[in-house]
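K.L.:
Below you will find the structure I want to go over with you.
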Amino acid sequence: MYDLGVYDYVDVLDAAADAAWLRNNAIANNIANADTPGYKRQDVAFESELKKALGSDRYQSVDAKVAGIRTGSLKPRPYTDYADYVYRADGNNVDPDQENVTLVKNQIKYEGLINSISMEFQNLQSVMK
């Protein structure tokens, strides 16, 4: 079967949406543990992985860069943020106000990704008509 690449953007957007979902869970966990002594905030690295996968060839189109991405290798990476940084005397480094702002920002990003996926499918549907 031929790979026409019609789902290249959908695959990348899907991986980004999965990463945003994981980040949402990490942020919610941070908020829930804001009063836990010694807790270190968690986050998810994805944007740097996507940037690396897209490469830095400025002479290549975005379509070609997206087509060259192996989405199986695009994995969001959970990590402990500021492991040596202590926000409070009890060793916890979660700032609840900052986490709430980050949560809203991430939710907006997630909704944008879901809307983009939906639009890609609408485009495919209109092409098939």
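To be explicit about the labels: the chains of the structure tokens are called A, B, and onward in the order shown, and within each one the residues are counted from 1, while ligands get numbers from 1 in the order they are shown.
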Chain A: which residues are helix (DSSP H, G or I) by DSSP, as a PyMOL selection string?

P.N.:
chain A and resi 8-32+47-54+62-67+71-73+96-128

K.L.:
Mind checking which residues fall within 12 Å of Asp11 in chain A, counting only C-alpha atoms, ignoring those fewer than 3 positions away in the same chain, and posting them as JSON, numbers by chain?

P.N.:
{"A": [5, 6, 7, 8, 14, 15, 16, 17, 18, 66, 67, 68, 69, 70, 71, 72, 73, 74, 113, 114, 116, 117, 120, 121]}

K.L.:
When distances are computed from only C-alpha atoms, which of A:Val94, A:Val10, A:Ile108, A:Val62 shows the smallest separation from Asp43 in chain A?

P.N.:
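Closest candidate: A:Val94.
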
K.L.:
So that I can see what lies close to Glu99 in chain A, please list as a ChimeraX atom specification the residues with an atom at most 7 Å from it, counting only C-alpha atoms and leaving out residues fewer than 4 positions away in the same chain.

P.N.:
/A:27,31,95,103

K.L.:
With only C-alpha atoms as the counted atoms, please give the residues lying no more than 8 Å from Gly55 in chain A, apart from itself and same-chain residues fewer than 3 positions off, as an mmCIF file with N, CA, C and O atoms, in the first residue's frame.

P.N.:
```cif
data_model
loop_
_atom_site.group_PDB
_atom_site.id
_atom_site.type_symbol
_atom_site.label_atom_id
_atom_site.label_comp_id
_atom_site.auth_asym_id
_atom_site.auth_seq_id
_atom_site.Cartn_x
_atom_site.Cartn_y
_atom_site.Cartn_z
ATOM 1 N N LYS A 51 10.905 19.754 18.401
ATOM 2 C CA LYS A 51 11.832 20.657 17.709
ATOM 3 C C LYS A 51 13.024 19.896 17.154
ATOM 4 O O LYS A 51 13.459 20.106 16.023
ATOM 5 N N LYS A 52 13.535 18.961 17.952
ATOM 6 C CA LYS A 52 14.658 18.130 17.513
ATOM 7 C C LYS A 52 14.251 17.258 16.325
ATOM 8 O O LYS A 52 15.001 17.097 15.364
ATOM 9 N N LYS A 65 9.376 18.408 6.523
ATOM 10 C CA LYS A 65 9.858 18.109 7.871
ATOM 11 C C LYS A 65 8.873 17.224 8.632
ATOM 12 O O LYS A 65 9.269 16.252 9.267
#
```

K.L.:
Using only C-alpha atoms, which residue out of A:Val12, A:Ala83, A:Ser118, A:Tyr59 lies closest to Gln42 in chain A?

P.N.:
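When distances to Gln42 in chain A are compared using only C-alpha atoms, the smallest one comes from A:Ala83.
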
K.L.:
Write out as JSON, numbers by chain the residues lying within 12 Å of Asp81 in chain A, counting only C-alpha atoms and excluding same-chain residues fewer than 4 positions away.

P.N.:
{"A": [26, 27, 30, 39, 40, 41, 42, 43, 44, 45, 77, 85, 86, 87, 92, 93, 94]}

K.L.:
Nearest residue to Ala53 in chain A out of A:Gln125, A:Asn106, A:Lys75, A:Asn33, using only C-alpha atoms?

P.N.:
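For Ala53 in chain A, the nearest of the given residues is A:Lys75.
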
K.L.:
So what do you get for CA of Asn115 in chain A versus CA of Asn29 in chain A, distance-wise?

P.N.:
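Atom-to-atom, CA of Asn115 in chain A to CA of Asn29 in chain A, that is 25.6 Å.
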
K.L.:
Run DSSP on the backbone and grab whatever in range 53-116 of chain A lands in strand (DSSP E or B); send it over as a PDB file with C-alpha atoms, in the first residue's frame.

P.N.:
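Result saved to states_11.pdb:
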```pdb
ATOM      1  CA  ARG A  77       9.259  12.601  28.695  1.00  0.00           C
ATOM      2  CA  PRO A  78       8.091  13.152  32.300  1.00  0.00           C
ATOM      3  CA  TYR A  79      10.719  14.710  34.544  1.00  0.00           C
ATOM      4  CA  THR A  80      11.181  16.287  37.944  1.00  0.00           C
TER       5      THR A  80
END
```

K.L.:
What gap, in Å, lies between CA of Tyr82 in chain A and CA of Gln107 in chain A?

P.N.:
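One can read the CA of Tyr82 in chain A to CA of Gln107 in chain A distance as 22.6 Å.
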